[in-house]
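A short write-up of the structure that comes next.
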Amino acid sequence: MSHRSTAQAPWPLQRRHWPLLDEAASGTPVRCRALLLTGRVDITRLVEAVHQVVDHHPVLRARLSDDDGTLRLRTSGEPVPVSVWEADRADCARTLREVAAVRDPRHDPLVTFDVVRIAPDRLVLAMTAHFLAADLGSLYSALGAVMRAYFGRHRPDDLPQPPPLGPVPPAREAWWTRRLARWQQEGTLAAALGALAPDRRVTATRVQQVPGAAWHRLTERAAATGCGADLAVVALLASWRAMVAPDSDTAVFAAWTDLRHTHGGEGLIGPLSDQIAFGVDLEGHSGMTFTDLLRRTQAGLLDTMVRHVPYDDLRRLHRAGHPGTRPVWDTRVHFCRVPPRSSLTRDEASLAELGLSVELFDESELLAVAPPSDSAAWDGVNADLYLTEHGVDDVALTLHYNATALDEHAVCLMLRSISDMIIKVNEAPEQPLPDLWRSLGVPNHSGPDLRRGSGTPVPRRPAKGLI
């Protein structure tokens, strides 16, 4: 595909204009990811490599425009902004995160790059993008393409065609209408924690560190079931919900998912992700093993992925069937991707021979926190769960949660319990999950007992690992 054919970017989501902007005010639609380059780097050549990649992916120059009276995404003739500056490591990560948090898609460029020198032999190559122009997978793909261009390996002539995303069939809308009616009877994370239904969101953050060795074992165990460790964390979160709110038949989640896995277009850079909602069937949880629930979680995810409807259509169907109520999926998980593995050479011996190492840069430190959302812009999600690399070997479970609804004490206990369960299920994957939870001090009781000052805390351990 010639890069000139994408002038009317970005193809699959072109029809979804204003609802996406409505999302922009309530979620975390601007993401930043970066590479750490250690060794000798020619900055001028690196900036040229950025422009070379953007030249072949005009979607990265997309800007919002309402020149014809309709809000659209159009490819700008202006070059993508590339800033070159210096900072220490901590200031670099903080500045990139703060800039992403205040980016306004209606006025600012949707994609920018930064080249930051943090030490004489260390550079950070960062890309910040609004999901209207580039989803999370695109950030990693674009950064990789820049490095290939830097070494003269970029091959833009083999770009794949974008997949067709046609209208939603009436039968699929009818299926979703029935599914939403069934889900409407289920509880939310806020309800499991005994919280009242809030009318706005003010985001706070808690981070739980997971030891790298435990995470790698979880990855291997999940892979044996045909899924990733990220989905295993969702299974544990659903299991925790079954323990603290035993009357729940289904735990319902929202998730960002890459449509390339179901609609094609592997390797494309652009907005090919969307939010979905899916349920984890908790019937029979008392006798389930971790493997059982992991399979149940994967089945719930696939059940709705193959019946994908755009997220704004999903919300429209919910509003039509349940006017005046928030969707039951108040927990959003950011896991539907194949994460790049950070290593000194990223498995390319030639990089080592050239005297350059490439790693992910402080992935867990770059998560931008959304600004406060009022009831008009907020989509009802009370918690966003991210799984990212943390430090050299570990992983971080980062929760951006609604401080007006969820108690900090309860959130800390929940994250710590899930982190401890990652170790437990590695040790005893075929033991019933309730037994494992109880061994951690998590009894089968209702959500309000988890709140500060309302009963026995779970688990009864110091807050080790919370940062």
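Simple scheme: letters A, B, ... for chains in structure tokens order, numbers from 1 for residues in each chain, numbers from 1 for ligands in the order shown.
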I need the residues of segment 136-356 of chain A that end up classed as helix (DSSP H, G or I) by DSSP on the backbone, written out as a ChimeraX atom specification.
/A:136-150,156-158,170-183,189-192,212-225,229-244,260-263,285-287,290-305,311-321,349-353
Shell of 12 Å around Leu196 of chain A, only C-alpha atoms, local chain residues under 3 positions omitted, as a list in words
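Neighbouring residues, sequence-local ones excluded: Gly187, Thr188, Leu189, Ala190, Ala191, Ala192, Leu193, Asp199, Arg200, Asn382, Asn402, Ala403, Thr404, Ala405, Leu406, Asp407, Gly447 and Pro448 of chain A.
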Write out as JSON, numbers by chain all residues of segment 75-213 of chain A that DSSP puts in strand (DSSP E or B) for this structure's backbone.
{"A": [75, 82, 83, 84, 85, 86, 111, 112, 113, 114, 115, 116, 117, 118, 119, 122, 123, 124, 125, 126, 127, 128, 129, 130, 201, 203, 204, 205, 206, 207, 208, 209, 210]}
Selected residues written out, N, CA and C atoms, as a CSV table (one decimal), in the first residue's frame:
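Writing the result to selection-v8.csv gives the following:
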```
chain,number,residue,atom,x,y,z
A,75,THR,N,-5.1,14.3,7.7
A,75,THR,CA,-3.7,14.3,7.7
A,75,THR,C,-3.2,15.7,7.5
A,82,VAL,N,9.1,17.1,16.9
A,82,VAL,CA,10.1,16.3,17.6
A,82,VAL,C,10.9,17.2,18.4
A,83,SER,N,10.9,17.1,19.7
A,83,SER,CA,11.6,17.9,20.7
A,83,SER,C,12.9,17.2,21.2
A,84,VAL,N,14.0,18.0,21.2
A,84,VAL,CA,15.2,17.5,21.7
A,84,VAL,C,15.6,18.3,22.9
A,85,TRP,N,15.8,17.6,24.1
A,85,TRP,CA,16.1,18.3,25.3
A,85,TRP,C,16.9,17.4,26.2
A,86,GLU,N,17.3,18.0,27.4
A,86,GLU,CA,18.1,17.3,28.4
A,86,GLU,C,17.4,17.3,29.7
A,111,VAL,N,0.1,13.4,17.8
A,111,VAL,CA,1.4,12.6,18.0
A,111,VAL,C,2.6,13.5,18.1
A,112,THR,N,3.4,13.3,19.1
A,112,THR,CA,4.7,14.0,19.2
A,112,THR,C,5.8,13.0,19.6
A,113,PHE,N,7.0,13.4,19.3
A,113,PHE,CA,8.2,12.6,19.7
A,113,PHE,C,9.1,13.5,20.5
A,114,ASP,N,9.8,12.8,21.4
A,114,ASP,CA,10.8,13.5,22.2
A,114,ASP,C,12.1,12.7,22.2
A,115,VAL,N,13.2,13.4,22.1
A,115,VAL,CA,14.6,12.8,22.2
A,115,VAL,C,15.2,13.5,23.4
A,116,VAL,N,15.5,12.8,24.5
A,116,VAL,CA,15.9,13.4,25.7
A,116,VAL,C,17.3,12.7,26.1
A,117,ARG,N,18.3,13.6,26.3
A,117,ARG,CA,19.5,13.1,26.8
A,117,ARG,C,19.5,13.1,28.3
A,118,ILE,N,19.6,11.9,28.9
A,118,ILE,CA,19.6,11.8,30.4
A,118,ILE,C,20.9,11.4,31.0
A,119,ALA,N,21.9,11.2,30.1
A,119,ALA,CA,23.3,10.9,30.6
A,119,ALA,C,24.1,11.0,29.3
A,122,ARG,N,23.3,8.0,27.3
A,122,ARG,CA,22.0,7.5,27.3
A,122,ARG,C,21.0,8.5,26.8
A,123,LEU,N,20.2,8.0,25.8
A,123,LEU,CA,19.1,8.8,25.3
A,123,LEU,C,17.8,8.1,25.5
A,124,VAL,N,16.7,8.9,25.6
A,124,VAL,CA,15.4,8.4,25.6
A,124,VAL,C,14.6,8.8,24.4
A,125,LEU,N,14.1,7.9,23.6
A,125,LEU,CA,13.3,8.2,22.5
A,125,LEU,C,11.8,7.9,22.9
A,126,ALA,N,11.0,8.9,23.0
A,126,ALA,CA,9.6,8.8,23.5
A,126,ALA,C,8.6,9.2,22.4
A,127,MET,N,7.5,8.5,22.4
A,127,MET,CA,6.4,8.9,21.5
A,127,MET,C,5.2,9.0,22.4
A,128,THR,N,4.5,10.1,22.2
A,128,THR,CA,3.2,10.4,22.9
A,128,THR,C,2.1,10.5,21.9
A,129,ALA,N,1.0,9.8,22.1
A,129,ALA,CA,0.0,9.8,21.0
A,129,ALA,C,-1.4,9.6,21.6
A,130,HIS,N,-2.3,10.3,21.0
A,130,HIS,CA,-3.7,10.2,21.3
A,130,HIS,C,-4.2,9.0,20.6
A,201,ARG,N,-15.6,11.5,38.6
A,201,ARG,CA,-14.4,10.8,38.9
A,201,ARG,C,-13.3,11.7,39.1
A,203,THR,N,-9.3,11.0,39.9
A,203,THR,CA,-8.4,9.9,39.8
A,203,THR,C,-7.2,10.0,40.8
A,204,ALA,N,-7.0,8.9,41.6
A,204,ALA,CA,-5.9,8.7,42.4
A,204,ALA,C,-5.2,7.4,41.9
A,205,THR,N,-3.9,7.2,42.4
A,205,THR,CA,-3.1,6.1,41.9
A,205,THR,C,-2.5,5.3,43.0
A,206,ARG,N,-2.6,4.0,42.8
A,206,ARG,CA,-1.8,3.1,43.7
A,206,ARG,C,-1.1,2.1,42.8
A,207,VAL,N,0.1,1.7,43.3
A,207,VAL,CA,1.0,0.8,42.5
A,207,VAL,C,1.4,-0.4,43.4
A,208,GLN,N,1.2,-1.6,42.9
A,208,GLN,CA,1.7,-2.8,43.6
A,208,GLN,C,2.7,-3.5,42.8
A,209,GLN,N,3.9,-3.7,43.4
A,209,GLN,CA,5.0,-4.3,42.6
A,209,GLN,C,4.8,-5.8,42.7
A,210,VAL,N,5.1,-6.5,41.6
A,210,VAL,CA,5.0,-8.0,41.5
A,210,VAL,C,6.5,-8.4,41.2
```
Quick one: of A:Val53, A:Gly137, A:Leu387, A:Gln184, who's nearest to His322 of chain A, counting only C-alpha atoms?
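Between A:Val53, A:Gly137, A:Leu387, A:Gln184, the residue approaching His322 of chain A most closely is A:Gln184.
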Name the residues in contact with Arg182 of chain A at a cut-off of 10 Å, using only C-alpha atoms, excluding same-chain residues fewer than 5 positions from it; report them as a list in words.
Trp176, Thr177 and Thr250 of chain A
Could you list, as a PDB file with N, CA, C and O atoms, in the first residue's frame, every residue within 9 Å of Trp215 of chain A, counting only C-alpha atoms and ignoring same-chain residues fewer than 5 positions away?
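Output file out_16.pdb follows:
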```
ATOM      1  N   VAL A 210       5.063  -6.509  41.601  1.00  0.00           N
ATOM      2  CA  VAL A 210       5.046  -7.968  41.547  1.00  0.00           C
ATOM      3  C   VAL A 210       6.455  -8.440  41.205  1.00  0.00           C
ATOM      4  O   VAL A 210       7.029  -7.989  40.206  1.00  0.00           O
ATOM      5  N   GLU A 220       4.314 -18.303  32.131  1.00  0.00           N
ATOM      6  CA  GLU A 220       4.440 -19.670  31.617  1.00  0.00           C
ATOM      7  C   GLU A 220       3.165 -20.466  31.867  1.00  0.00           C
ATOM      8  O   GLU A 220       2.705 -21.220  31.008  1.00  0.00           O
ATOM      9  N   ALA A 229      -0.237 -13.567  30.654  1.00  0.00           N
ATOM     10  CA  ALA A 229      -0.265 -13.316  32.096  1.00  0.00           C
ATOM     11  C   ALA A 229      -1.197 -12.160  32.437  1.00  0.00           C
ATOM     12  O   ALA A 229      -1.774 -12.132  33.533  1.00  0.00           O
ATOM     13  N   ASP A 394      10.920  -6.439  37.552  1.00  0.00           N
ATOM     14  CA  ASP A 394       9.593  -6.627  38.129  1.00  0.00           C
ATOM     15  C   ASP A 394       8.493  -6.055  37.242  1.00  0.00           C
ATOM     16  O   ASP A 394       8.745  -5.439  36.207  1.00  0.00           O
ATOM     17  N   VAL A 395       7.263  -6.281  37.688  1.00  0.00           N
ATOM     18  CA  VAL A 395       6.064  -5.788  37.002  1.00  0.00           C
ATOM     19  C   VAL A 395       5.262  -4.970  38.004  1.00  0.00           C
ATOM     20  O   VAL A 395       5.276  -5.251  39.205  1.00  0.00           O
ATOM     21  N   ILE A 422      -0.752 -14.199  42.950  1.00  0.00           N
ATOM     22  CA  ILE A 422       0.095 -14.577  41.815  1.00  0.00           C
ATOM     23  C   ILE A 422       1.138 -15.596  42.264  1.00  0.00           C
ATOM     24  O   ILE A 422       1.430 -16.572  41.558  1.00  0.00           O
ATOM     25  N   ILE A 423       1.674 -15.404  43.452  1.00  0.00           N
ATOM     26  CA  ILE A 423       2.644 -16.358  43.995  1.00  0.00           C
ATOM     27  C   ILE A 423       1.944 -17.655  44.378  1.00  0.00           C
ATOM     28  O   ILE A 423       2.433 -18.760  44.091  1.00  0.00           O
TER      29      ILE A 423
END
```
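Every protein, DNA or RNA residue with an atom at most 7 Å from Pro163 of chain A, where only C-alpha atoms count and chain neighbours fewer than 2 positions away do not, is listed here: Gln161, Leu165, His263, Gly264 and Gly265 of chain A.
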Residues of the last selection are to be written out with C-alpha atoms, as a PDB file, in the first residue's frame.
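Once everything was written out, this is part_39.pdb:
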```
ATOM      1  CA  GLN A 161      -3.939  -2.995   3.879  1.00  0.00           C
ATOM      2  CA  LEU A 165     -14.802  -2.717   9.570  1.00  0.00           C
ATOM      3  CA  HIS A 263     -10.000  -8.200  12.068  1.00  0.00           C
ATOM      4  CA  GLY A 264      -6.518  -8.452  10.553  1.00  0.00           C
ATOM      5  CA  GLY A 265      -4.064  -5.708   9.696  1.00  0.00           C
TER       6      GLY A 265
END
```
Option closest in space to Leu46 of chain A, from A:Leu360, A:Ala245, A:Met147, A:Val306 [counting only C-alpha atoms]:
A:Met147
Atom CA of Asp249 of chain A to atom CA of Thr291 of chain A, straight-line distance in Å:
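Separation of atom CA of Thr291 of chain A and atom CA of Asp249 of chain A: 18.5 Å.
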Out of A:Asp135, A:Asp313, A:Ala368, A:Pro120, which residue has the shortest atom-to-atom distance to Arg40 of chain A when counting only C-alpha atoms?
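Comparing A:Asp135, A:Asp313, A:Ala368, A:Pro120 against Arg40 of chain A, the winner is A:Pro120.
Taking atom CA of Arg63 of chain A and atom CA of Met305 of chain A as the two end points, the separation is 29.1 Å.
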Please report as JSON lines every residue of segment 85-152 of chain A lying within 12 Å of segment 269-289 of chain A, along with the nearest atom pair and their distance in Å (one decimal), using only C-alpha atoms.
```
{"residue": "A:Leu110", "atom": "CA", "partner": "A:Gly270", "partner_atom": "CA", "distance": 11.5}
{"residue": "A:Val111", "atom": "CA", "partner": "A:Gly270", "partner_atom": "CA", "distance": 10.9}
{"residue": "A:Ala129", "atom": "CA", "partner": "A:Gly270", "partner_atom": "CA", "distance": 10.2}
{"residue": "A:His130", "atom": "CA", "partner": "A:Pro271", "partner_atom": "CA", "distance": 9.1}
{"residue": "A:Phe131", "atom": "CA", "partner": "A:Pro271", "partner_atom": "CA", "distance": 6.1}
{"residue": "A:Leu132", "atom": "CA", "partner": "A:Pro271", "partner_atom": "CA", "distance": 5.8}
{"residue": "A:Ala133", "atom": "CA", "partner": "A:Pro271", "partner_atom": "CA", "distance": 5.4}
{"residue": "A:Ala134", "atom": "CA", "partner": "A:Gly270", "partner_atom": "CA", "distance": 4.4}
{"residue": "A:Asp135", "atom": "CA", "partner": "A:Pro271", "partner_atom": "CA", "distance": 5.0}
{"residue": "A:Leu136", "atom": "CA", "partner": "A:Ser273", "partner_atom": "CA", "distance": 8.1}
{"residue": "A:Gly137", "atom": "CA", "partner": "A:Ile269", "partner_atom": "CA", "distance": 7.9}
{"residue": "A:Ser138", "atom": "CA", "partner": "A:Ile269", "partner_atom": "CA", "distance": 4.8}
{"residue": "A:Leu139", "atom": "CA", "partner": "A:Ile269", "partner_atom": "CA", "distance": 8.0}
{"residue": "A:Tyr140", "atom": "CA", "partner": "A:Ile269", "partner_atom": "CA", "distance": 9.4}
{"residue": "A:Ser141", "atom": "CA", "partner": "A:Ile269", "partner_atom": "CA", "distance": 6.8}
{"residue": "A:Ala142", "atom": "CA", "partner": "A:Ile269", "partner_atom": "CA", "distance": 6.9}
{"residue": "A:Leu143", "atom": "CA", "partner": "A:Ile269", "partner_atom": "CA", "distance": 10.6}
{"residue": "A:Gly144", "atom": "CA", "partner": "A:Ile269", "partner_atom": "CA", "distance": 11.2}
{"residue": "A:Ala145", "atom": "CA", "partner": "A:Ile269", "partner_atom": "CA", "distance": 9.9}
```
Spatial neighbours of Arg45 of chain A, 12 Å, only C-alpha atoms, chain gap at least 6 places, as a list in words
His51, Gln52, Val115, Val146, Met147, Arg148, Ala149, Tyr150, Phe151 and Gly152 of chain A
Atom pair atom CA of Arg89 of chain A / atom CA of Tyr401 of chain A: separation (Å):
26.5 Å
Would you mind telling me which residue in A:Met243, A:Leu399, A:Ala383, A:Val54 lies nearest to His154 of chain A when using only C-alpha atoms?
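Checking each candidate against His154 of chain A, we get A:Val54 as the closest.
Of the residues listed (A:Pro372, A:Gly321, A:Pro443, A:Gly228), A:Pro372 shows the shortest atom-to-atom separation from Val102 of chain A; distances use only C-alpha atoms.
Residue nearest Pro156 of chain A within the list A:Asp435, A:Asp55, A:Glu389, A:Glu173: A:Asp55 [criterion: smallest interatomic distance, only C-alpha atoms].
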Neighbours of Trp437 of chain A within 12 Å (only C-alpha atoms; same-chain residues fewer than 5 positions away dropped), as number ranges by chain?
A: 236-237, 239-244, 285-286, 289-290, 414, 416-425, 428, 431-432, 442-445, 458-459
